[in-house]
$ cat target22.pdb   # PDB, C-alpha atoms and all ligand atoms
MODEL        1
ATOM      1  CA  MET W   1      24.262   0.955 -17.858  1.00  0.00           C
ATOM      2  CA  ASN W   2      22.033  -1.984 -18.608  1.00  0.00           C
ATOM      3  CA  ILE W   3      18.377  -1.249 -17.809  1.00  0.00           C
ATOM      4  CA  THR W   4      15.429  -3.601 -17.380  1.00  0.00           C
ATOM      5  CA  VAL W   5      12.122  -1.765 -17.156  1.00  0.00           C
ATOM      6  CA  PHE W   6       9.296  -3.298 -15.120  1.00  0.00           C
ATOM      7  CA  LEU W   7       5.957  -2.272 -16.602  1.00  0.00           C
ATOM      8  CA  GLY W   8       2.501  -3.045 -15.285  1.00  0.00           C
ATOM      9  CA  ALA W   9      -0.440  -1.424 -13.557  1.00  0.00           C
ATOM     10  CA  PRO W  10      -0.266  -0.322  -9.920  1.00  0.00           C
ATOM     11  CA  GLY W  11      -0.604  -3.451  -7.783  1.00  0.00           C
ATOM     12  CA  SER W  12       0.740  -5.804 -10.468  1.00  0.00           C
ATOM     13  CA  GLY W  13       3.540  -6.947  -8.151  1.00  0.00           C
ATOM     14  CA  LYS W  14       6.504  -5.410  -9.963  1.00  0.00           C
ATOM     15  CA  GLY W  15       7.852  -3.774  -6.789  1.00  0.00           C
ATOM     16  CA  THR W  16       7.727  -7.034  -4.816  1.00  0.00           C
ATOM     17  CA  GLN W  17       9.563  -8.912  -7.563  1.00  0.00           C
ATOM     18  CA  ALA W  18      12.126  -6.154  -8.086  1.00  0.00           C
ATOM     19  CA  LYS W  19      12.937  -6.152  -4.353  1.00  0.00           C
ATOM     20  CA  ARG W  20      13.401  -9.951  -4.380  1.00  0.00           C
ATOM     21  CA  LEU W  21      15.659  -9.826  -7.434  1.00  0.00           C
ATOM     22  CA  ALA W  22      17.748  -7.046  -5.936  1.00  0.00           C
ATOM     23  CA  GLU W  23      18.482  -9.290  -2.946  1.00  0.00           C
ATOM     24  CA  SER W  24      20.621 -11.385  -5.324  1.00  0.00           C
ATOM     25  CA  LYS W  25      22.882  -8.285  -5.625  1.00  0.00           C
ATOM     26  CA  LYS W  26      23.001  -8.789  -9.389  1.00  0.00           C
ATOM     27  CA  PHE W  27      20.675  -5.839  -9.904  1.00  0.00           C
ATOM     28  CA  ILE W  28      20.160  -2.426  -8.415  1.00  0.00           C
ATOM     29  CA  HIS W  29      16.478  -1.781  -7.758  1.00  0.00           C
ATOM     30  CA  LEU W  30      15.262   1.758  -8.337  1.00  0.00           C
ATOM     31  CA  SER W  31      11.621   2.502  -7.518  1.00  0.00           C
ATOM     32  CA  THR W  32      10.502   6.039  -8.280  1.00  0.00           C
ATOM     33  CA  GLY W  33       7.410   5.535  -6.069  1.00  0.00           C
ATOM     34  CA  ASP W  34       9.680   4.651  -3.098  1.00  0.00           C
ATOM     35  CA  ARG W  35      11.918   7.658  -3.815  1.00  0.00           C
ATOM     36  CA  LEU W  36       8.913   9.973  -3.837  1.00  0.00           C
ATOM     37  CA  ARG W  37       7.502   8.493  -0.614  1.00  0.00           C
ATOM     38  CA  GLU W  38      10.894   8.971   1.097  1.00  0.00           C
ATOM     39  CA  ALA W  39      10.941  12.601  -0.013  1.00  0.00           C
ATOM     40  CA  MET W  40       7.323  13.064   1.137  1.00  0.00           C
ATOM     41  CA  GLN W  41       8.154  11.609   4.553  1.00  0.00           C
ATOM     42  CA  LYS W  42      11.129  13.937   4.907  1.00  0.00           C
ATOM     43  CA  GLY W  43       8.968  16.824   3.735  1.00  0.00           C
ATOM     44  CA  ASP W  44      11.731  18.182   1.485  1.00  0.00           C
ATOM     45  CA  ASP W  45      11.138  20.288  -1.614  1.00  0.00           C
ATOM     46  CA  LEU W  46      10.644  17.285  -3.943  1.00  0.00           C
ATOM     47  CA  GLY W  47       8.328  15.646  -1.396  1.00  0.00           C
ATOM     48  CA  LYS W  48       6.174  18.758  -1.066  1.00  0.00           C
ATOM     49  CA  ARG W  49       5.870  19.142  -4.845  1.00  0.00           C
ATOM     50  CA  ALA W  50       5.131  15.430  -5.397  1.00  0.00           C
ATOM     51  CA  LYS W  51       2.585  14.988  -2.586  1.00  0.00           C
ATOM     52  CA  ILE W  52      -0.128  17.005  -4.338  1.00  0.00           C
ATOM     53  CA  PHE W  53      -0.066  14.581  -7.295  1.00  0.00           C
ATOM     54  CA  VAL W  54       0.663  11.305  -5.477  1.00  0.00           C
ATOM     55  CA  ASP W  55      -2.196  11.723  -2.982  1.00  0.00           C
ATOM     56  CA  ARG W  56      -4.644  12.316  -5.839  1.00  0.00           C
ATOM     57  CA  GLY W  57      -3.459   9.286  -7.810  1.00  0.00           C
ATOM     58  CA  GLU W  58      -2.081  11.498 -10.582  1.00  0.00           C
ATOM     59  CA  LEU W  59       1.364  11.377 -12.162  1.00  0.00           C
ATOM     60  CA  VAL W  60       4.070  13.718 -10.960  1.00  0.00           C
ATOM     61  CA  PRO W  61       5.031  15.977 -13.926  1.00  0.00           C
ATOM     62  CA  ASP W  62       7.555  14.525 -16.383  1.00  0.00           C
ATOM     63  CA  SER W  63      10.121  17.289 -15.862  1.00  0.00           C
ATOM     64  CA  ILE W  64      10.365  16.492 -12.124  1.00  0.00           C
ATOM     65  CA  MET W  65      10.536  12.743 -12.730  1.00  0.00           C
ATOM     66  CA  ILE W  66      13.137  12.939 -15.503  1.00  0.00           C
ATOM     67  CA  ASP W  67      15.397  15.109 -13.295  1.00  0.00           C
ATOM     68  CA  LEU W  68      14.912  12.687 -10.401  1.00  0.00           C
ATOM     69  CA  ILE W  69      15.814   9.608 -12.439  1.00  0.00           C
ATOM     70  CA  ASP W  70      18.825  11.282 -14.092  1.00  0.00           C
ATOM     71  CA  ASP W  71      20.059  12.287 -10.671  1.00  0.00           C
ATOM     72  CA  CYS W  72      19.650   8.728  -9.285  1.00  0.00           C
ATOM     73  CA  LEU W  73      21.253   7.036 -12.301  1.00  0.00           C
ATOM     74  CA  THR W  74      24.380   9.200 -12.268  1.00  0.00           C
ATOM     75  CA  LYS W  75      25.143   7.767  -8.801  1.00  0.00           C
ATOM     76  CA  PHE W  76      25.292   4.167 -10.084  1.00  0.00           C
ATOM     77  CA  PRO W  77      28.379   2.594 -11.682  1.00  0.00           C
ATOM     78  CA  LEU W  78      28.279   2.530 -15.487  1.00  0.00           C
ATOM     79  CA  GLN W  79      28.457  -1.295 -15.584  1.00  0.00           C
ATOM     80  CA  ALA W  80      25.461  -1.669 -13.213  1.00  0.00           C
ATOM     81  CA  ARG W  81      22.361  -3.670 -14.136  1.00  0.00           C
ATOM     82  CA  VAL W  82      19.385  -1.629 -13.026  1.00  0.00           C
ATOM     83  CA  LEU W  83      15.753  -2.652 -12.513  1.00  0.00           C
ATOM     84  CA  LEU W  84      13.533   0.345 -13.034  1.00  0.00           C
ATOM     85  CA  ASP W  85      10.247  -0.057 -11.168  1.00  0.00           C
ATOM     86  CA  GLY W  86       7.660   2.638 -11.844  1.00  0.00           C
ATOM     87  CA  PHE W  87       9.673   4.532 -14.468  1.00  0.00           C
ATOM     88  CA  PRO W  88       9.002   5.303 -17.277  1.00  0.00           C
ATOM     89  CA  ARG W  89       5.277   5.922 -16.942  1.00  0.00           C
ATOM     90  CA  THR W  90       4.787   8.170 -19.977  1.00  0.00           C
ATOM     91  CA  LEU W  91       6.141   8.275 -23.516  1.00  0.00           C
ATOM     92  CA  ALA W  92       8.103  11.440 -22.705  1.00  0.00           C
ATOM     93  CA  GLN W  93       9.825   9.613 -19.833  1.00  0.00           C
ATOM     94  CA  ALA W  94      10.608   6.588 -22.037  1.00  0.00           C
ATOM     95  CA  LYS W  95      12.122   8.836 -24.703  1.00  0.00           C
ATOM     96  CA  ALA W  96      14.198  10.707 -22.115  1.00  0.00           C
ATOM     97  CA  LEU W  97      15.586   7.391 -20.886  1.00  0.00           C
ATOM     98  CA  ASP W  98      16.451   6.353 -24.441  1.00  0.00           C
ATOM     99  CA  ASN W  99      18.171   9.694 -24.999  1.00  0.00           C
ATOM    100  CA  ASN W 100      20.393   9.324 -21.932  1.00  0.00           C
ATOM    101  CA  PRO W 101      23.797   8.307 -23.374  1.00  0.00           C
ATOM    102  CA  ALA W 102      24.738   6.426 -20.175  1.00  0.00           C
ATOM    103  CA  THR W 103      21.779   4.014 -20.314  1.00  0.00           C
ATOM    104  CA  ARG W 104      20.589   1.241 -22.602  1.00  0.00           C
ATOM    105  CA  VAL W 105      17.152  -0.296 -22.106  1.00  0.00           C
ATOM    106  CA  GLU W 106      17.678  -4.032 -22.695  1.00  0.00           C
ATOM    107  CA  ARG W 107      14.080  -5.140 -22.170  1.00  0.00           C
ATOM    108  CA  ALA W 108      10.728  -4.168 -20.734  1.00  0.00           C
ATOM    109  CA  ILE W 109       8.748  -6.751 -18.809  1.00  0.00           C
ATOM    110  CA  ASN W 110       5.008  -6.265 -18.538  1.00  0.00           C
ATOM    111  CA  PHE W 111       3.331  -7.786 -15.463  1.00  0.00           C
ATOM    112  CA  VAL W 112      -0.174  -8.773 -16.591  1.00  0.00           C
ATOM    113  CA  VAL W 113      -2.883  -8.920 -13.883  1.00  0.00           C
ATOM    114  CA  PRO W 114      -6.710  -8.628 -14.293  1.00  0.00           C
ATOM    115  CA  GLU W 115      -8.208  -5.374 -13.033  1.00  0.00           C
ATOM    116  CA  GLU W 116     -10.379  -6.946 -10.260  1.00  0.00           C
ATOM    117  CA  ALA W 117      -7.250  -8.536  -8.777  1.00  0.00           C
ATOM    118  CA  LEU W 118      -5.394  -5.200  -8.902  1.00  0.00           C
ATOM    119  CA  VAL W 119      -8.186  -3.403  -7.030  1.00  0.00           C
ATOM    120  CA  ALA W 120      -8.348  -6.142  -4.357  1.00  0.00           C
ATOM    121  CA  ARG W 121      -4.565  -6.127  -3.891  1.00  0.00           C
ATOM    122  CA  LEU W 122      -4.273  -2.342  -3.588  1.00  0.00           C
ATOM    123  CA  THR W 123      -7.287  -1.544  -1.424  1.00  0.00           C
ATOM    124  CA  GLY W 124      -6.445  -4.356   1.038  1.00  0.00           C
ATOM    125  CA  ARG W 125      -2.748  -3.495   1.334  1.00  0.00           C
ATOM    126  CA  ARG W 126      -1.460  -2.322   4.724  1.00  0.00           C
ATOM    127  CA  ILE W 127       2.103  -1.258   5.508  1.00  0.00           C
ATOM    128  CA  CYS W 128       4.071  -1.095   8.744  1.00  0.00           C
ATOM    129  CA  GLU W 129       4.820   2.527   9.557  1.00  0.00           C
ATOM    130  CA  LYS W 130       8.049   1.509  11.304  1.00  0.00           C
ATOM    131  CA  CYS W 131       9.759  -1.096   9.069  1.00  0.00           C
ATOM    132  CA  GLY W 132       7.777  -0.854   5.802  1.00  0.00           C
ATOM    133  CA  GLU W 133       6.759  -4.545   5.778  1.00  0.00           C
ATOM    134  CA  PRO W 134       3.687  -4.985   3.549  1.00  0.00           C
ATOM    135  CA  PHE W 135       0.575  -6.972   4.651  1.00  0.00           C
ATOM    136  CA  HIS W 136      -2.853  -7.556   3.153  1.00  0.00           C
ATOM    137  CA  VAL W 137      -6.086  -7.661   5.142  1.00  0.00           C
ATOM    138  CA  GLU W 138      -7.190 -10.814   3.304  1.00  0.00           C
ATOM    139  CA  PHE W 139      -4.176 -12.407   1.579  1.00  0.00           C
ATOM    140  CA  VAL W 140      -1.375 -11.739   4.118  1.00  0.00           C
ATOM    141  CA  PRO W 141      -3.124 -10.748   7.362  1.00  0.00           C
ATOM    142  CA  PRO W 142      -0.980  -9.862  10.392  1.00  0.00           C
ATOM    143  CA  ARG W 143      -1.269 -12.194  13.406  1.00  0.00           C
ATOM    144  CA  LYS W 144      -2.690  -9.326  15.470  1.00  0.00           C
ATOM    145  CA  ASP W 145      -5.017  -6.752  13.872  1.00  0.00           C
ATOM    146  CA  ASN W 146      -3.141  -3.676  12.611  1.00  0.00           C
ATOM    147  CA  VAL W 147       0.157  -4.717  14.232  1.00  0.00           C
ATOM    148  CA  CYS W 148       3.299  -5.686  12.300  1.00  0.00           C
ATOM    149  CA  ASP W 149       4.396  -9.322  12.847  1.00  0.00           C
ATOM    150  CA  LYS W 150       8.029  -8.355  12.329  1.00  0.00           C
ATOM    151  CA  CYS W 151       8.560  -5.331  14.563  1.00  0.00           C
ATOM    152  CA  GLY W 152       5.276  -4.635  16.387  1.00  0.00           C
ATOM    153  CA  GLY W 153       4.830  -1.331  14.518  1.00  0.00           C
ATOM    154  CA  LYS W 154       1.401   0.023  13.605  1.00  0.00           C
ATOM    155  CA  LEU W 155       0.001  -0.781  10.156  1.00  0.00           C
ATOM    156  CA  TYR W 156      -1.412   1.950   7.955  1.00  0.00           C
ATOM    157  CA  GLN W 157      -3.086   2.256   4.565  1.00  0.00           C
ATOM    158  CA  ARG W 158      -1.288   4.405   1.966  1.00  0.00           C
ATOM    159  CA  ALA W 159      -3.416   7.464   1.117  1.00  0.00           C
ATOM    160  CA  ASP W 160      -3.250   6.451  -2.548  1.00  0.00           C
ATOM    161  CA  ASP W 161      -4.511   2.910  -1.780  1.00  0.00           C
ATOM    162  CA  LYS W 162      -7.983   4.270  -0.849  1.00  0.00           C
ATOM    163  CA  ARG W 163     -10.596   3.006  -3.294  1.00  0.00           C
ATOM    164  CA  GLU W 164     -11.317   6.343  -5.102  1.00  0.00           C
ATOM    165  CA  VAL W 165      -7.616   7.014  -5.582  1.00  0.00           C
ATOM    166  CA  VAL W 166      -7.003   3.448  -6.808  1.00  0.00           C
ATOM    167  CA  THR W 167      -9.694   3.960  -9.462  1.00  0.00           C
ATOM    168  CA  LYS W 168      -7.916   7.142 -10.557  1.00  0.00           C
ATOM    169  CA  ARG W 169      -4.471   5.461 -10.623  1.00  0.00           C
ATOM    170  CA  LEU W 170      -5.773   2.670 -12.839  1.00  0.00           C
ATOM    171  CA  GLU W 171      -7.375   5.186 -15.211  1.00  0.00           C
ATOM    172  CA  VAL W 172      -4.107   7.157 -15.398  1.00  0.00           C
ATOM    173  CA  TYR W 173      -2.260   3.891 -16.057  1.00  0.00           C
ATOM    174  CA  ARG W 174      -4.552   3.011 -18.983  1.00  0.00           C
ATOM    175  CA  ASN W 175      -4.332   6.473 -20.530  1.00  0.00           C
ATOM    176  CA  LEU W 176      -0.675   7.378 -20.051  1.00  0.00           C
ATOM    177  CA  THR W 177       1.363   4.271 -19.293  1.00  0.00           C
ATOM    178  CA  GLU W 178      -0.255   1.536 -21.378  1.00  0.00           C
ATOM    179  CA  PRO W 179       0.909   3.181 -24.648  1.00  0.00           C
ATOM    180  CA  LEU W 180       4.450   2.272 -23.561  1.00  0.00           C
ATOM    181  CA  LEU W 181       3.656  -1.359 -24.358  1.00  0.00           C
ATOM    182  CA  SER W 182       3.571  -0.634 -28.091  1.00  0.00           C
ATOM    183  CA  TYR W 183       6.606   1.651 -27.750  1.00  0.00           C
ATOM    184  CA  TYR W 184       8.733  -1.206 -26.373  1.00  0.00           C
ATOM    185  CA  GLN W 185       7.041  -3.781 -28.608  1.00  0.00           C
ATOM    186  CA  SER W 186       8.087  -1.832 -31.696  1.00  0.00           C
ATOM    187  CA  GLY W 187      11.664  -1.765 -30.390  1.00  0.00           C
ATOM    188  CA  ASN W 188      11.474  -5.582 -29.920  1.00  0.00           C
ATOM    189  CA  LYS W 189      12.082  -5.225 -26.209  1.00  0.00           C
ATOM    190  CA  LEU W 190       8.754  -6.238 -24.725  1.00  0.00           C
ATOM    191  CA  ALA W 191       8.143  -9.467 -22.811  1.00  0.00           C
ATOM    192  CA  GLU W 192       4.895 -10.359 -21.025  1.00  0.00           C
ATOM    193  CA  LEU W 193       4.697 -12.084 -17.672  1.00  0.00           C
ATOM    194  CA  ASN W 194       1.568 -13.520 -16.045  1.00  0.00           C
ATOM    195  CA  GLY W 195       1.497 -11.637 -12.728  1.00  0.00           C
ATOM    196  CA  ASN W 196      -1.625 -13.383 -11.461  1.00  0.00           C
ATOM    197  CA  LYS W 197       0.169 -16.277  -9.752  1.00  0.00           C
ATOM    198  CA  PRO W 198       1.777 -16.772  -6.338  1.00  0.00           C
ATOM    199  CA  ALA W 199       4.826 -14.522  -5.859  1.00  0.00           C
ATOM    200  CA  GLU W 200       7.227 -17.508  -5.645  1.00  0.00           C
ATOM    201  CA  VAL W 201       6.058 -18.842  -9.027  1.00  0.00           C
ATOM    202  CA  ILE W 202       6.344 -15.426 -10.655  1.00  0.00           C
ATOM    203  CA  GLN W 203       9.859 -15.133  -9.275  1.00  0.00           C
ATOM    204  CA  GLN W 204      10.843 -18.378 -11.025  1.00  0.00           C
ATOM    205  CA  ASP W 205       9.192 -17.303 -14.303  1.00  0.00           C
ATOM    206  CA  LEU W 206      10.962 -13.973 -14.093  1.00  0.00           C
ATOM    207  CA  THR W 207      14.365 -15.508 -13.421  1.00  0.00           C
ATOM    208  CA  ARG W 208      13.959 -17.740 -16.488  1.00  0.00           C
ATOM    209  CA  LEU W 209      12.883 -14.750 -18.547  1.00  0.00           C
ATOM    210  CA  LEU W 210      15.857 -12.674 -17.438  1.00  0.00           C
ATOM    211  CA  ASN W 211      18.217 -15.540 -18.211  1.00  0.00           C
ATOM    212  CA  GLY W 212      16.792 -15.745 -21.708  1.00  0.00           C
ATOM    213  CA  LYS W 213      15.500 -19.283 -21.248  1.00  0.00           C
ATOM    214  CA  TYR W 214      11.965 -18.621 -22.509  1.00  0.00           C
TER     215      TYR W 214
HETATM  216  P1  LIG E   1       4.121   3.563  -7.213  1.00  0.00           P
HETATM  217  O1  LIG E   1       4.580   3.243  -5.843  1.00  0.00           O
HETATM  218  O2  LIG E   1       5.103   3.170  -8.288  1.00  0.00           O
HETATM  219  O3  LIG E   1       2.720   3.058  -7.504  1.00  0.00           O
HETATM  220  O4  LIG E   1       4.039   5.162  -7.301  1.00  0.00           O
HETATM  221  C1  LIG E   1       3.202   5.902  -6.431  1.00  0.00           C
HETATM  222  C2  LIG E   1       2.890   7.252  -7.044  1.00  0.00           C
HETATM  223  O5  LIG E   1       4.103   7.988  -7.261  1.00  0.00           O
HETATM  224  C3  LIG E   1       2.221   7.208  -8.404  1.00  0.00           C
HETATM  225  O6  LIG E   1       0.805   7.029  -8.303  1.00  0.00           O
HETATM  226  C4  LIG E   1       2.578   8.594  -8.951  1.00  0.00           C
HETATM  227  O7  LIG E   1       1.797   9.605  -8.341  1.00  0.00           O
HETATM  228  C5  LIG E   1       4.010   8.778  -8.457  1.00  0.00           C
HETATM  229  N1  LIG E   1       5.005   8.269  -9.433  1.00  0.00           N
HETATM  230  C6  LIG E   1       5.861   7.219  -9.267  1.00  0.00           C
HETATM  231  N2  LIG E   1       6.620   7.045 -10.359  1.00  0.00           N
HETATM  232  C7  LIG E   1       6.232   8.004 -11.250  1.00  0.00           C
HETATM  233  C8  LIG E   1       6.626   8.345 -12.578  1.00  0.00           C
HETATM  234  N3  LIG E   1       7.573   7.660 -13.226  1.00  0.00           N
HETATM  235  N4  LIG E   1       6.017   9.402 -13.166  1.00  0.00           N
HETATM  236  C9  LIG E   1       5.077  10.114 -12.524  1.00  0.00           C
HETATM  237  N5  LIG E   1       4.649   9.848 -11.291  1.00  0.00           N
HETATM  238  C10 LIG E   1       5.216   8.792 -10.641  1.00  0.00           C
ENDMDL
END
$ encode --input "target22.pdb" --output "structure tokens"
Amino acid sequence: MNITVFLGAPGSGKGTQAKRLAESKKFIHLSTGDRLREAMQKGDDLGKRAKIFVDRGELVPDSIMIDLIDDCLTKFPLQARVLLDGFPRTLAQAKALDNNPATRVERAINFVVPEEALVARLTGRRICEKCGEPFHVEFVPPRKDNVCDKCGGKLYQRADDKREVVTKRLEVYRNLTEPLLSYYQSGNKLAELNGNKPAEVIQQDLTRLLNGKY
């Protein structure tokens, strides 16, 4: 299984780009954050265990995450091209992925965005509770306050997008996830992408990068 890892701080836009790329059907998009939120909404065992960490802006323990990703990956065909969004987030997770005989990490793409922009993106983000459509109070405001343009659902702010939790998530990113940049750099797999541009432009840059035209 051919894996592309999307790296970058929370709010760097990797989820948005992964979703767009997956629409081409050439890739399967796997977001561990989405998987955890689904489990938390259902209130199942994984969701209950994860919620304590997610709501505080901390990482869910490696053992839980490695089991979750192994379980998801075994359901995909061996010839699939997979975009991993939000995994790995620690060195232990990256090593576990490299030790999985069914997977080969082809490249890791780091979405680079200045910290002030990350904070503004995350704290202003609002999501439709019915259809999941994302909005932003300043950059993508809904036509009517707190109401989804698409389905009329109510918009809410993710508990982990509150300012104090965002600060914590960025600190955790710097301490535990940033070291992965040198891990993938030393394996000659790292590529950097300027994530501080309009989403459409990033999508074009990313497509060129994935096609090896850089
Ligand atoms: P995300 O939507 O990718 O920002 O993830 C939201 C939250 O889910 C993170 O702040 C973590 O609490 C948790 N999470 C997602 N992926 C991982 C991972 N690979 N390892 C540990 N925790 C994770």
$ residues_near_ligand --input "target22.pdb" --ligand "ligand LIG 1 (chain E)" --cutoff "6 Å" --atoms "all atoms listed in the file" --output "number ranges by chain"
W: 10, 32-34, 53-54, 57-60, 65, 86-89, 169
$ atom_distance --input "target22.pdb" --atom1 "CA of Ile3 (chain W)" --atom2 "CA of Val82 (chain W)"
4.9 Å
$ closest_residue --input "target22.pdb" --among "W:Asn110, W:Asn100, W:Asn211, W:Ser186" --to "Asp71 (chain W)" --atoms "only C-alpha atoms"
W:Asn100
$ closest_residue --input "target22.pdb" --among "W:Phe6, W:Tyr184, W:Phe111, W:Tyr173" --to "Ala199 (chain W)" --atoms "only C-alpha atoms"
W:Phe111
$ closest_residue --input "target22.pdb" --among "W:Lys25, W:Arg121, W:Lys168, W:Lys14" --to "Val137 (chain W)" --atoms "all atoms listed in the file"
W:Arg121
$ closest_residue --input "target22.pdb" --among "W:Ala18, W:Ala9, W:Cys131, W:Ile64" --to "Val119 (chain W)" --atoms "all atoms listed in the file"
W:Ala9
$ resolve_selection --input "target22.pdb" --expression "the PyMOL selection byres (((chain W and resi 129) around 8) and not hetatm)" --output "NGL selection string"
:W and (127-128 or 130-132 or 153-156)
$ atom_distance --input "target22.pdb" --atom1 "CA of Pro134 (chain W)" --atom2 "CA of Asp160 (chain W)"
14.7 Å
$ resolve_selection --input "target22.pdb" --expression "the PyMOL selection byres (((chain W and resi 195) around 10) and not hetatm)" --output "number ranges by chain"
W: 8, 11-14, 17, 110-114, 192-194, 196-199, 201-203, 205-206
$ atom_distance --input "target22.pdb" --atom1 "CA of Arg125 (chain W)" --atom2 "CA of Arg158 (chain W)"
8.1 Å
$ closest_residue --input "target22.pdb" --among "W:Ala94, W:Ile69, W:Thr4, W:Glu138" --to "Glu178 (chain W)" --atoms "all atoms listed in the file"
W:Ala94
